[in-house]
$ cat data33.cif   # mmCIF, C-alpha atoms
data_query
#
loop_
_atom_site.group_PDB
_atom_site.id
_atom_site.type_symbol
_atom_site.label_atom_id
_atom_site.label_comp_id
_atom_site.auth_asym_id
_atom_site.auth_seq_id
_atom_site.Cartn_x
_atom_site.Cartn_y
_atom_site.Cartn_z
ATOM 1 C CA MET A 1 -19.285 95.108 -14.652
ATOM 2 C CA THR A 2 -22.861 94.939 -13.451
ATOM 3 C CA ASN A 3 -23.512 93.372 -10.079
ATOM 4 C CA ILE A 4 -25.264 90.050 -10.612
ATOM 5 C CA SER A 5 -24.602 88.464 -7.227
ATOM 6 C CA ASN A 6 -28.293 87.619 -6.829
ATOM 7 C CA LYS A 7 -28.791 86.488 -10.401
ATOM 8 C CA ILE A 8 -29.504 82.818 -10.988
ATOM 9 C CA ILE A 9 -27.649 81.856 -14.147
ATOM 10 C CA SER A 10 -29.694 79.495 -16.273
ATOM 11 C CA ASN A 11 -28.444 76.675 -18.486
ATOM 12 C CA LYS A 12 -26.397 73.718 -17.340
ATOM 13 C CA ILE A 13 -23.484 74.884 -15.199
ATOM 14 C CA VAL A 14 -20.877 72.308 -14.232
ATOM 15 C CA VAL A 15 -17.758 72.834 -12.129
ATOM 16 C CA ILE A 16 -15.103 70.280 -13.088
ATOM 17 C CA ALA A 17 -12.241 69.867 -10.621
ATOM 18 C CA ILE A 18 -9.249 68.359 -12.390
ATOM 19 C CA GLY A 19 -6.624 66.543 -10.346
ATOM 20 C CA GLY A 20 -2.888 66.618 -10.959
ATOM 21 C CA ASN A 21 -3.172 63.505 -13.128
ATOM 22 C CA ALA A 22 -4.717 65.678 -15.853
ATOM 23 C CA LEU A 23 -1.230 67.120 -16.419
ATOM 24 C CA ALA A 24 0.648 63.833 -16.081
ATOM 25 C CA THR A 25 1.677 61.751 -19.073
ATOM 26 C CA ASP A 26 1.757 57.974 -19.076
ATOM 27 C CA ASP A 27 5.552 57.976 -18.674
ATOM 28 C CA GLY A 28 5.355 60.188 -15.596
ATOM 29 C CA CYS A 29 7.236 63.143 -17.079
ATOM 30 C CA ASN A 30 6.592 66.513 -15.440
ATOM 31 C CA ASP A 31 8.396 68.906 -17.804
ATOM 32 C CA ALA A 32 6.383 71.725 -19.359
ATOM 33 C CA GLN A 33 6.146 70.087 -22.782
ATOM 34 C CA SER A 34 4.801 66.831 -21.332
ATOM 35 C CA GLN A 35 2.259 68.709 -19.236
ATOM 36 C CA SER A 36 1.098 70.590 -22.332
ATOM 37 C CA VAL A 37 0.579 67.306 -24.172
ATOM 38 C CA ALA A 38 -1.531 66.030 -21.275
ATOM 39 C CA ALA A 39 -3.534 69.283 -21.210
ATOM 40 C CA VAL A 40 -4.393 68.793 -24.891
ATOM 41 C CA LYS A 41 -5.875 65.367 -24.142
ATOM 42 C CA THR A 42 -7.858 66.752 -21.216
ATOM 43 C CA ALA A 43 -9.135 69.668 -23.295
ATOM 44 C CA ALA A 44 -10.778 67.314 -25.786
ATOM 45 C CA HIS A 45 -12.939 65.831 -23.016
ATOM 46 C CA ILE A 46 -13.803 69.289 -21.669
ATOM 47 C CA VAL A 47 -14.963 70.409 -25.098
ATOM 48 C CA ASP A 48 -17.117 67.276 -25.318
ATOM 49 C CA ALA A 49 -18.940 68.620 -22.240
ATOM 50 C CA VAL A 50 -19.299 72.033 -23.870
ATOM 51 C CA LYS A 51 -20.751 70.428 -27.006
ATOM 52 C CA ALA A 52 -23.254 68.610 -24.787
ATOM 53 C CA GLY A 53 -24.564 72.008 -23.685
ATOM 54 C CA PHE A 54 -22.773 72.530 -20.392
ATOM 55 C CA LYS A 55 -21.308 75.826 -19.215
ATOM 56 C CA VAL A 56 -17.950 74.681 -17.840
ATOM 57 C CA ILE A 57 -15.860 76.106 -15.021
ATOM 58 C CA LEU A 58 -12.576 74.218 -14.813
ATOM 59 C CA THR A 59 -10.485 74.099 -11.651
ATOM 60 C CA HIS A 60 -7.171 72.301 -11.263
ATOM 61 C CA GLY A 61 -4.570 71.089 -8.827
ATOM 62 C CA ASN A 62 -1.013 72.410 -8.714
ATOM 63 C CA GLY A 63 0.868 70.260 -6.205
ATOM 64 C CA PRO A 64 3.894 69.207 -8.291
ATOM 65 C CA GLN A 65 4.106 72.544 -10.102
ATOM 66 C CA VAL A 66 4.101 74.734 -6.993
ATOM 67 C CA GLY A 67 6.604 72.336 -5.440
ATOM 68 C CA PHE A 68 8.970 72.878 -8.374
ATOM 69 C CA ILE A 69 8.709 76.667 -8.003
ATOM 70 C CA LEU A 70 9.477 76.559 -4.296
ATOM 71 C CA GLU A 71 12.351 74.125 -4.764
ATOM 72 C CA ARG A 72 13.909 76.275 -7.516
ATOM 73 C CA SER A 73 13.442 79.323 -5.316
ATOM 74 C CA GLU A 74 15.225 77.655 -2.413
ATOM 75 C CA LEU A 75 18.131 76.545 -4.632
ATOM 76 C CA ALA A 76 18.532 80.040 -6.076
ATOM 77 C CA LYS A 77 17.981 82.118 -2.927
ATOM 78 C CA ALA A 78 21.619 83.258 -2.868
ATOM 79 C CA SER A 79 21.070 85.006 -6.209
ATOM 80 C CA VAL A 80 17.380 85.995 -6.396
ATOM 81 C CA PRO A 81 14.614 86.727 -3.883
ATOM 82 C CA VAL A 82 12.681 83.784 -2.465
ATOM 83 C CA VAL A 83 9.178 83.288 -3.901
ATOM 84 C CA PRO A 84 6.458 83.537 -1.211
ATOM 85 C CA MET A 85 3.875 80.760 -1.057
ATOM 86 C CA ASP A 86 0.939 82.876 -2.306
ATOM 87 C CA TYR A 87 3.006 84.144 -5.254
ATOM 88 C CA ALA A 88 3.955 80.567 -6.147
ATOM 89 C CA THR A 89 0.269 79.597 -6.287
ATOM 90 C CA ALA A 90 -0.418 82.638 -8.478
ATOM 91 C CA ASP A 91 2.444 81.615 -10.769
ATOM 92 C CA THR A 92 0.904 78.164 -11.256
ATOM 93 C CA GLN A 93 -2.534 79.619 -11.931
ATOM 94 C CA GLY A 94 -0.948 81.543 -14.791
ATOM 95 C CA SER A 95 1.175 78.749 -16.245
ATOM 96 C CA ILE A 96 -1.334 75.902 -15.872
ATOM 97 C CA GLY A 97 -4.156 78.207 -16.910
ATOM 98 C CA TYR A 98 -2.193 79.086 -20.021
ATOM 99 C CA MET A 99 -1.718 75.422 -20.913
ATOM 100 C CA PHE A 100 -5.438 74.692 -20.601
ATOM 101 C CA GLN A 101 -6.435 77.969 -22.229
ATOM 102 C CA ARG A 102 -4.292 77.304 -25.291
ATOM 103 C CA ALA A 103 -5.350 73.654 -25.503
ATOM 104 C CA LEU A 104 -9.034 74.583 -25.300
ATOM 105 C CA HIS A 105 -8.650 77.329 -27.896
ATOM 106 C CA ASN A 106 -6.992 74.921 -30.308
ATOM 107 C CA GLU A 107 -9.668 72.288 -29.703
ATOM 108 C CA PHE A 108 -12.414 74.845 -30.400
ATOM 109 C CA VAL A 109 -10.656 75.817 -33.645
ATOM 110 C CA ARG A 110 -10.219 72.166 -34.633
ATOM 111 C CA ARG A 111 -13.955 71.532 -34.200
ATOM 112 C CA GLY A 112 -15.063 74.759 -35.841
ATOM 113 C CA MET A 113 -16.515 76.115 -32.575
ATOM 114 C CA LEU A 114 -15.212 79.593 -33.298
ATOM 115 C CA SER A 115 -17.678 81.427 -31.042
ATOM 116 C CA HIS A 116 -16.226 79.697 -27.977
ATOM 117 C CA GLN A 117 -13.178 80.702 -26.003
ATOM 118 C CA ALA A 118 -11.327 79.937 -22.765
ATOM 119 C CA GLN A 119 -10.233 82.389 -20.094
ATOM 120 C CA SER A 120 -8.089 81.932 -16.978
ATOM 121 C CA ILE A 121 -8.909 83.938 -13.855
ATOM 122 C CA VAL A 122 -6.231 84.549 -11.233
ATOM 123 C CA THR A 123 -8.404 83.669 -8.256
ATOM 124 C CA GLN A 124 -8.023 84.750 -4.639
ATOM 125 C CA VAL A 125 -9.834 82.828 -1.906
ATOM 126 C CA ILE A 126 -10.470 84.340 1.502
ATOM 127 C CA VAL A 127 -9.612 82.262 4.566
ATOM 128 C CA ASN A 128 -10.312 82.869 8.239
ATOM 129 C CA PRO A 129 -7.218 83.988 10.190
ATOM 130 C CA LYS A 130 -8.656 82.143 13.208
ATOM 131 C CA ASP A 131 -8.922 78.849 11.319
ATOM 132 C CA PRO A 132 -7.469 76.107 13.585
ATOM 133 C CA ALA A 133 -5.333 74.950 10.633
ATOM 134 C CA PHE A 134 -2.949 77.870 11.283
ATOM 135 C CA LEU A 135 -2.091 76.397 14.683
ATOM 136 C CA LYS A 136 -1.177 73.021 13.194
ATOM 137 C CA PRO A 137 0.381 73.159 9.703
ATOM 138 C CA SER A 138 -0.250 69.812 8.035
ATOM 139 C CA LYS A 139 0.080 70.182 4.249
ATOM 140 C CA PRO A 140 3.480 69.004 2.922
ATOM 141 C CA ILE A 141 4.907 71.026 0.033
ATOM 142 C CA GLY A 142 8.144 71.247 -1.929
ATOM 143 C CA GLY A 143 10.910 68.702 -2.309
ATOM 144 C CA TYR A 144 11.978 65.854 -0.030
ATOM 145 C CA MET A 145 14.949 66.321 2.322
ATOM 146 C CA ASN A 146 16.797 64.349 4.916
ATOM 147 C CA LYS A 147 15.995 65.118 8.541
ATOM 148 C CA MET A 148 19.152 67.159 9.203
ATOM 149 C CA LEU A 149 18.614 69.491 6.231
ATOM 150 C CA ALA A 150 14.920 69.834 7.020
ATOM 151 C CA GLN A 151 15.660 70.874 10.601
ATOM 152 C CA GLN A 152 18.315 73.322 9.420
ATOM 153 C CA LEU A 153 15.950 74.988 6.936
ATOM 154 C CA ALA A 154 13.177 75.028 9.519
ATOM 155 C CA HIS A 155 15.481 76.949 11.865
ATOM 156 C CA GLU A 156 16.710 79.354 9.158
ATOM 157 C CA ASN A 157 13.287 80.108 7.666
ATOM 158 C CA ASN A 158 10.945 79.624 10.629
ATOM 159 C CA TRP A 159 9.325 76.690 8.827
ATOM 160 C CA GLN A 160 7.366 73.761 10.131
ATOM 161 C CA VAL A 161 8.662 70.437 8.738
ATOM 162 C CA MET A 162 7.347 66.887 8.822
ATOM 163 C CA GLU A 163 8.212 63.398 7.643
ATOM 164 C CA ASP A 164 6.033 62.475 4.669
ATOM 165 C CA ALA A 165 5.021 58.795 4.414
ATOM 166 C CA GLY A 166 8.571 57.533 4.982
ATOM 167 C CA ARG A 167 9.845 59.170 1.768
ATOM 168 C CA GLY A 168 11.704 62.021 3.446
ATOM 169 C CA TRP A 169 11.120 65.301 5.221
ATOM 170 C CA ARG A 170 9.234 68.250 3.717
ATOM 171 C CA ARG A 171 8.139 71.720 4.634
ATOM 172 C CA CYS A 172 4.499 71.857 5.745
ATOM 173 C CA VAL A 173 2.073 74.774 5.751
ATOM 174 C CA PRO A 174 -1.479 75.347 7.040
ATOM 175 C CA SER A 175 -4.466 74.233 4.969
ATOM 176 C CA PRO A 176 -7.371 76.472 6.060
ATOM 177 C CA LYS A 177 -10.912 76.069 4.765
ATOM 178 C CA PRO A 178 -12.016 78.377 1.922
ATOM 179 C CA GLN A 179 -14.571 81.017 2.914
ATOM 180 C CA GLU A 180 -15.177 83.239 -0.105
ATOM 181 C CA ILE A 181 -14.160 83.467 -3.781
ATOM 182 C CA VAL A 182 -12.997 87.056 -4.341
ATOM 183 C CA GLU A 183 -13.476 87.061 -8.134
ATOM 184 C CA ILE A 184 -16.916 85.410 -8.093
ATOM 185 C CA GLU A 185 -18.653 88.325 -9.881
ATOM 186 C CA VAL A 186 -16.151 88.237 -12.743
ATOM 187 C CA ILE A 187 -16.738 84.510 -13.114
ATOM 188 C CA LYS A 188 -20.519 85.019 -13.186
ATOM 189 C CA GLU A 189 -20.157 87.641 -15.895
ATOM 190 C CA LEU A 190 -18.090 85.303 -18.057
ATOM 191 C CA LEU A 191 -20.705 82.571 -17.656
ATOM 192 C CA GLU A 192 -23.015 84.728 -19.753
ATOM 193 C CA THR A 193 -20.682 84.169 -22.722
ATOM 194 C CA ASN A 194 -19.433 81.106 -24.602
ATOM 195 C CA THR A 195 -16.393 80.859 -22.350
ATOM 196 C CA VAL A 196 -14.815 77.947 -20.532
ATOM 197 C CA ILE A 197 -13.560 79.540 -17.327
ATOM 198 C CA ILE A 198 -10.389 78.291 -15.623
ATOM 199 C CA ALA A 199 -10.492 79.424 -11.998
ATOM 200 C CA ALA A 200 -9.437 78.684 -8.404
ATOM 201 C CA GLY A 201 -6.301 76.866 -9.570
ATOM 202 C CA GLY A 202 -4.505 75.047 -6.781
ATOM 203 C CA GLY A 203 -7.423 75.789 -4.467
ATOM 204 C CA GLY A 204 -7.015 79.525 -5.025
ATOM 205 C CA ILE A 205 -4.502 82.019 -3.697
ATOM 206 C CA PRO A 206 -5.130 82.159 0.063
ATOM 207 C CA VAL A 207 -5.745 85.688 1.339
ATOM 208 C CA MET A 208 -7.058 87.260 4.529
ATOM 209 C CA LYS A 209 -9.398 90.241 4.578
ATOM 210 C CA ASN A 210 -8.296 93.110 6.812
ATOM 211 C CA ALA A 211 -10.691 95.283 8.809
ATOM 212 C CA ASP A 212 -10.607 97.949 6.096
ATOM 213 C CA GLY A 213 -11.527 95.420 3.383
ATOM 214 C CA THR A 214 -8.046 95.124 1.902
ATOM 215 C CA LEU A 215 -6.483 91.728 1.275
ATOM 216 C CA GLN A 216 -3.138 90.218 2.212
ATOM 217 C CA GLY A 217 -1.587 86.969 1.050
ATOM 218 C CA VAL A 218 -1.071 84.011 3.371
ATOM 219 C CA GLU A 219 1.587 81.290 3.491
ATOM 220 C CA ALA A 220 -0.880 78.427 3.181
ATOM 221 C CA VAL A 221 -2.480 75.941 0.780
ATOM 222 C CA ILE A 222 -6.235 75.563 0.289
ATOM 223 C CA ASP A 223 -7.593 72.161 -0.652
ATOM 224 C CA LYS A 224 -8.522 72.253 -4.349
ATOM 225 C CA ASP A 225 -11.638 70.128 -4.000
ATOM 226 C CA LEU A 226 -13.030 72.217 -1.136
ATOM 227 C CA SER A 227 -12.509 75.460 -3.080
ATOM 228 C CA SER A 228 -14.073 73.877 -6.155
ATOM 229 C CA CYS A 229 -17.070 72.841 -4.054
ATOM 230 C CA LEU A 230 -17.438 76.382 -2.716
ATOM 231 C CA LEU A 231 -17.275 77.738 -6.260
ATOM 232 C CA ALA A 232 -19.906 75.241 -7.430
ATOM 233 C CA LYS A 233 -22.227 76.238 -4.587
ATOM 234 C CA GLN A 234 -21.821 79.966 -5.208
ATOM 235 C CA LEU A 235 -22.538 79.491 -8.922
ATOM 236 C CA GLN A 236 -25.554 77.259 -8.212
ATOM 237 C CA ALA A 237 -24.028 74.637 -10.494
ATOM 238 C CA GLU A 238 -26.235 71.822 -11.699
ATOM 239 C CA LYS A 239 -23.386 69.346 -11.266
ATOM 240 C CA PHE A 240 -20.051 69.236 -9.464
ATOM 241 C CA VAL A 241 -17.503 66.820 -10.917
ATOM 242 C CA VAL A 242 -14.271 65.720 -9.260
ATOM 243 C CA VAL A 243 -11.951 64.172 -11.858
ATOM 244 C CA THR A 244 -9.458 61.708 -10.460
ATOM 245 C CA ALA A 245 -7.381 58.719 -11.622
ATOM 246 C CA VAL A 246 -10.150 56.115 -11.442
ATOM 247 C CA GLU A 247 -13.537 55.816 -13.123
ATOM 248 C CA LYS A 248 -15.408 54.961 -9.934
ATOM 249 C CA VAL A 249 -14.917 55.188 -6.183
ATOM 250 C CA ALA A 250 -14.361 51.848 -4.451
ATOM 251 C CA ILE A 251 -15.160 50.558 -0.994
ATOM 252 C CA PHE A 252 -13.061 47.865 0.720
ATOM 253 C CA PHE A 253 -10.259 49.031 -1.582
ATOM 254 C CA GLY A 254 -7.417 46.547 -2.034
ATOM 255 C CA THR A 255 -9.294 43.646 -0.433
ATOM 256 C CA PRO A 256 -11.211 40.689 -1.885
ATOM 257 C CA LYS A 257 -14.407 42.588 -1.006
ATOM 258 C CA GLN A 258 -13.495 45.609 -3.148
ATOM 259 C CA ALA A 259 -16.564 46.992 -4.946
ATOM 260 C CA GLN A 260 -17.058 50.010 -7.178
ATOM 261 C CA LEU A 261 -19.833 52.476 -6.531
ATOM 262 C CA GLY A 262 -22.070 53.664 -9.366
ATOM 263 C CA GLN A 263 -25.279 55.460 -8.389
ATOM 264 C CA VAL A 264 -25.217 56.142 -4.645
ATOM 265 C CA SER A 265 -27.091 58.416 -2.267
ATOM 266 C CA VAL A 266 -25.304 61.049 -0.233
ATOM 267 C CA ALA A 267 -26.505 59.311 2.940
ATOM 268 C CA LYS A 268 -24.855 56.080 1.837
ATOM 269 C CA ILE A 269 -21.583 57.737 0.832
ATOM 270 C CA LYS A 270 -21.520 59.451 4.250
ATOM 271 C CA GLN A 271 -21.964 56.072 5.902
ATOM 272 C CA TYR A 272 -19.070 54.602 3.923
ATOM 273 C CA ASN A 273 -16.951 57.624 4.807
ATOM 274 C CA GLU A 274 -17.675 57.223 8.517
ATOM 275 C CA GLU A 275 -16.726 53.549 8.232
ATOM 276 C CA GLY A 276 -13.255 54.607 7.050
ATOM 277 C CA HIS A 277 -13.364 53.530 3.404
ATOM 278 C CA PHE A 278 -11.839 56.799 2.117
ATOM 279 C CA PRO A 279 -8.423 57.677 3.620
ATOM 280 C CA ALA A 280 -7.590 61.311 4.305
ATOM 281 C CA GLY A 281 -4.498 61.115 2.122
ATOM 282 C CA SER A 282 -6.294 59.979 -1.033
ATOM 283 C CA MET A 283 -10.044 59.891 -1.675
ATOM 284 C CA GLY A 284 -11.076 61.466 1.646
ATOM 285 C CA PRO A 285 -10.999 65.171 0.667
ATOM 286 C CA LYS A 286 -12.867 64.446 -2.583
ATOM 287 C CA ILE A 287 -15.595 62.599 -0.708
ATOM 288 C CA ALA A 288 -15.882 65.439 1.817
ATOM 289 C CA ALA A 289 -16.273 67.960 -1.002
ATOM 290 C CA VAL A 290 -18.992 66.063 -2.867
ATOM 291 C CA ILE A 291 -20.922 65.414 0.351
ATOM 292 C CA ASP A 292 -20.834 69.135 1.131
ATOM 293 C CA PHE A 293 -22.051 70.045 -2.353
ATOM 294 C CA VAL A 294 -24.926 67.544 -2.489
ATOM 295 C CA GLU A 295 -26.138 68.287 1.044
ATOM 296 C CA SER A 296 -25.940 72.054 0.513
ATOM 297 C CA THR A 297 -27.571 72.206 -2.926
ATOM 298 C CA ARG A 298 -29.642 68.988 -3.232
ATOM 299 C CA ARG A 299 -27.979 68.572 -6.629
ATOM 300 C CA THR A 300 -25.702 65.915 -8.118
ATOM 301 C CA ALA A 301 -21.970 65.347 -7.688
ATOM 302 C CA ILE A 302 -19.786 62.970 -9.687
ATOM 303 C CA ILE A 303 -16.383 61.371 -9.162
ATOM 304 C CA THR A 304 -14.789 59.845 -12.262
ATOM 305 C CA ASP A 305 -11.742 59.903 -14.528
ATOM 306 C CA ILE A 306 -11.251 62.255 -17.458
ATOM 307 C CA ALA A 307 -11.846 59.576 -20.110
ATOM 308 C CA ASN A 308 -15.356 58.941 -18.760
ATOM 309 C CA LEU A 309 -16.278 62.587 -18.146
ATOM 310 C CA ALA A 310 -18.786 62.935 -20.997
ATOM 311 C CA ASP A 311 -20.580 59.691 -20.138
ATOM 312 C CA ALA A 312 -20.608 60.557 -16.428
ATOM 313 C CA LEU A 313 -22.299 63.896 -17.155
ATOM 314 C CA GLN A 314 -25.057 61.920 -18.871
ATOM 315 C CA GLY A 315 -25.373 59.570 -15.880
ATOM 316 C CA GLU A 316 -23.752 56.634 -17.679
ATOM 317 C CA ALA A 317 -20.376 56.339 -15.924
ATOM 318 C CA GLY A 318 -18.521 57.252 -12.767
ATOM 319 C CA THR A 319 -19.701 57.372 -9.167
ATOM 320 C CA ILE A 320 -22.805 59.569 -9.120
ATOM 321 C CA ILE A 321 -23.833 60.954 -5.724
ATOM 322 C CA SER A 322 -27.439 62.087 -5.524
ATOM 323 C CA PRO A 323 -29.446 63.824 -2.738
#

$ encode --input "data33.cif" --output "structure tokens"
Amino acid sequence: MTNISNKIISNKIVVIAIGGNALATDDGCNDAQSQSVAAVKTAAHIVDAVKAGFKVILTHGNGPQVGFILERSELAKASVPVVPMDYATADTQGSIGYMFQRALHNEFVRRGMLSHQAQSIVTQVIVNPKDPAFLKPSKPIGGYMNKMLAQQLAHENNWQVMEDAGRGWRRCVPSPKPQEIVEIEVIKELLETNTVIIAAGGGGIPVMKNADGTLQGVEAVIDKDLSSCLLAKQLQAEKFVVVTAVEKVAIFFGTPKQAQLGQVSVAKIKQYNEEGHFPAGSMGPKIAAVIDFVESTRRTAIITDIANLADALQGEAGTIISP
């Protein structure tokens, strides 16, 4: 492939970061068939964006799915080798990517858009081995356990464990900041075609770069929204969209003063963030990602739900954060 690292790709590029709710059905089922049904519904909204003229890069979460892999691995460790954390993330990039890839293909066929296609990219993301996150693992993963079992597994496997919101104990791993998208040139090449690209699933597979340039996997989790933001910046995207469960971000959430935000400046959203309106365990990381994107690029970021994606891209729905 030709090196186009300095090439500015024209047309309307949008990075759309899909949360785990995009693979959740209304009844809360998490089996593969239910997730596929949810992916079909999401794909229809993505293709609406393509029809509107956008070049789409789709990223996605993988929290429940990677948790299932690790839990199955732990249950079966007496019979088969344990799955390392980076391999589990790669597994979900393949399986979730397949669901979206198939759903998008079928939607293109249904609409007669036969020149379009979808392609998943197994994406590695470089992290800094000196990132402070490695000294204080904080990201809970896998199934819930009682305290005794958690402490036993921590001793046997050299894990860190933590209590998670009063629901039980879980393994926790570091969550370092993303530094570089390894497959960025491949993604840029595909942007020159009629391809919806599915990349950086689950925040990307965390890897460290050795002195000789080789890569090695890391037992860690990268925040999906931060990796998506990095990808959007490197691709010089016109818009960065974080898709979540609500149409608009709210301040004073859960109080009589609750108010939804429509058009808002990045300075104002930073002020609300500093005032504590967006908790770290929910909207906080999404707000941090959109602030980073808008301040770095002087372009627009959006937070909305999947049903309002098309309208939000036209400035008619969602929370729209401008420079």

$ resolve_selection --input "data33.cif" --expression "the PyMOL selection byres ((chain A and resi 224-234) around 10)" --output "ChimeraX atom specification"
/A:5,13-19,57-63,125,177-181,184,187-188,199-204,221-223,235-243,285-294,296-297,299,301

$ closest_residue --input "data33.cif" --among "A:Met283, A:Ala259, A:Val173, A:Ala88" --to "Asn158 in chain A" --atoms "only C-alpha atoms"
A:Val173

$ closest_residue --input "data33.cif" --among "A:Gln93, A:Asn273, A:Gln263, A:Ser175" --to "Ala312 in chain A" --atoms "only C-alpha atoms"
A:Gln263

$ resolve_selection --input "data33.cif" --expression "the PyMOL selection byres ((chain A and resi 174) around 9)" --output "ChimeraX atom specification"
/A:132-139,172-173,175-176,219-222

$ write_last_selection --input "data33.cif" --atoms "C-alpha atoms" --output "tab-separated table (two decimals), keeping the file's coordinate frame"
chain	number	residue	atom	x	y	z
A	132	PRO	CA	-7.47	76.11	13.58
A	133	ALA	CA	-5.33	74.95	10.63
A	134	PHE	CA	-2.95	77.87	11.28
A	135	LEU	CA	-2.09	76.40	14.68
A	136	LYS	CA	-1.18	73.02	13.19
A	137	PRO	CA	0.38	73.16	9.70
A	138	SER	CA	-0.25	69.81	8.04
A	139	LYS	CA	0.08	70.18	4.25
A	172	CYS	CA	4.50	71.86	5.74
A	173	VAL	CA	2.07	74.77	5.75
A	175	SER	CA	-4.47	74.23	4.97
A	176	PRO	CA	-7.37	76.47	6.06
A	219	GLU	CA	1.59	81.29	3.49
A	220	ALA	CA	-0.88	78.43	3.18
A	221	VAL	CA	-2.48	75.94	0.78
A	222	ILE	CA	-6.24	75.56	0.29

$ resolve_selection --input "data33.cif" --expression "the PyMOL selection byres ((chain A and resi 160) around 6)" --output "PyMOL selection string"
chain A and resi 154+159+161+171-172

$ closest_residue --input "data33.cif" --among "A:Gln271, A:Asn106, A:Gln216, A:Thr42" --to "Val127 in chain A" --atoms "all atoms listed in the file"
A:Gln216

$ residues_around --input "data33.cif" --residues "range 274-281 of chain A" --least-positions-apart "4" --cutoff "7 Å" --atoms "all atoms listed in the file" --output "list in words"
Ile251, Phe252, Lys270 and Pro285 of chain A

$ closest_residue --input "data33.cif" --among "A:Ile121, A:Phe253, A:Ser282, A:Arg72" --to "Glu185 in chain A" --atoms "only C-alpha atoms"
A:Ile121

$ atom_distance --input "data33.cif" --atom1 "CA of Gly97 in chain A" --atom2 "CA of Val66 in chain A"
13.4 Å

$ atom_distance --input "data33.cif" --atom1 "CA of Ala250 in chain A" --atom2 "CA of Phe54 in chain A"
27.4 Å

$ atom_distance --input "data33.cif" --atom1 "CA of Val196 in chain A" --atom2 "CA of Leu104 in chain A"
8.2 Å

$ closest_residue --input "data33.cif" --among "A:Val56, A:Ile141, A:Val82, A:Met208" --to "Gln124 in chain A" --atoms "all atoms listed in the file"
A:Met208

$ closest_residue --input "data33.cif" --among "A:Ile96, A:Val83, A:Val50, A:Leu70" --to "Gly142 in chain A" --atoms "all atoms listed in the file"
A:Leu70

$ decode --input "data33.cif" --residues "range 244-254 of chain A" --atoms "N, CA, C and O atoms" --output "PDB file, in the first residue's frame"
ATOM      1  N   THR A 244     -24.664   6.785  22.540  1.00  0.00           N
ATOM      2  CA  THR A 244     -24.926   6.245  23.861  1.00  0.00           C
ATOM      3  C   THR A 244     -26.419   5.933  24.000  1.00  0.00           C
ATOM      4  O   THR A 244     -27.133   5.850  22.998  1.00  0.00           O
ATOM      5  N   ALA A 245     -26.905   5.779  25.226  1.00  0.00           N
ATOM      6  CA  ALA A 245     -28.288   5.322  25.427  1.00  0.00           C
ATOM      7  C   ALA A 245     -29.306   6.447  25.426  1.00  0.00           C
ATOM      8  O   ALA A 245     -30.511   6.192  25.424  1.00  0.00           O
ATOM      9  N   VAL A 246     -28.836   7.699  25.438  1.00  0.00           N
ATOM     10  CA  VAL A 246     -29.755   8.832  25.512  1.00  0.00           C
ATOM     11  C   VAL A 246     -29.535   9.768  24.338  1.00  0.00           C
ATOM     12  O   VAL A 246     -28.434   9.853  23.790  1.00  0.00           O
ATOM     13  N   GLU A 247     -30.604  10.495  23.969  1.00  0.00           N
ATOM     14  CA  GLU A 247     -30.470  11.405  22.819  1.00  0.00           C
ATOM     15  C   GLU A 247     -29.561  12.581  23.122  1.00  0.00           C
ATOM     16  O   GLU A 247     -28.764  12.999  22.280  1.00  0.00           O
ATOM     17  N   LYS A 248     -29.665  13.117  24.349  1.00  0.00           N
ATOM     18  CA  LYS A 248     -28.888  14.295  24.702  1.00  0.00           C
ATOM     19  C   LYS A 248     -28.262  14.140  26.081  1.00  0.00           C
ATOM     20  O   LYS A 248     -28.803  13.442  26.956  1.00  0.00           O
ATOM     21  N   VAL A 249     -27.147  14.798  26.291  1.00  0.00           N
ATOM     22  CA  VAL A 249     -26.501  14.860  27.591  1.00  0.00           C
ATOM     23  C   VAL A 249     -27.313  15.773  28.498  1.00  0.00           C
ATOM     24  O   VAL A 249     -27.881  16.778  28.050  1.00  0.00           O
ATOM     25  N   ALA A 250     -27.376  15.419  29.787  1.00  0.00           N
ATOM     26  CA  ALA A 250     -28.125  16.233  30.745  1.00  0.00           C
ATOM     27  C   ALA A 250     -27.216  16.744  31.850  1.00  0.00           C
ATOM     28  O   ALA A 250     -26.260  16.072  32.252  1.00  0.00           O
ATOM     29  N   ILE A 251     -27.512  17.932  32.328  1.00  0.00           N
ATOM     30  CA  ILE A 251     -26.888  18.447  33.541  1.00  0.00           C
ATOM     31  C   ILE A 251     -27.905  18.375  34.669  1.00  0.00           C
ATOM     32  O   ILE A 251     -29.102  18.274  34.432  1.00  0.00           O
ATOM     33  N   PHE A 252     -27.406  18.377  35.916  1.00  0.00           N
ATOM     34  CA  PHE A 252     -28.266  18.215  37.096  1.00  0.00           C
ATOM     35  C   PHE A 252     -29.115  16.944  36.961  1.00  0.00           C
ATOM     36  O   PHE A 252     -30.286  16.915  37.321  1.00  0.00           O
ATOM     37  N   PHE A 253     -28.487  15.883  36.456  1.00  0.00           N
ATOM     38  CA  PHE A 253     -29.215  14.647  36.156  1.00  0.00           C
ATOM     39  C   PHE A 253     -29.868  14.085  37.417  1.00  0.00           C
ATOM     40  O   PHE A 253     -29.269  14.007  38.492  1.00  0.00           O
ATOM     41  N   GLY A 254     -31.150  13.686  37.268  1.00  0.00           N
ATOM     42  CA  GLY A 254     -31.873  13.061  38.364  1.00  0.00           C
ATOM     43  C   GLY A 254     -32.385  14.014  39.413  1.00  0.00           C
ATOM     44  O   GLY A 254     -32.845  13.581  40.480  1.00  0.00           O
TER      45      GLY A 254
END
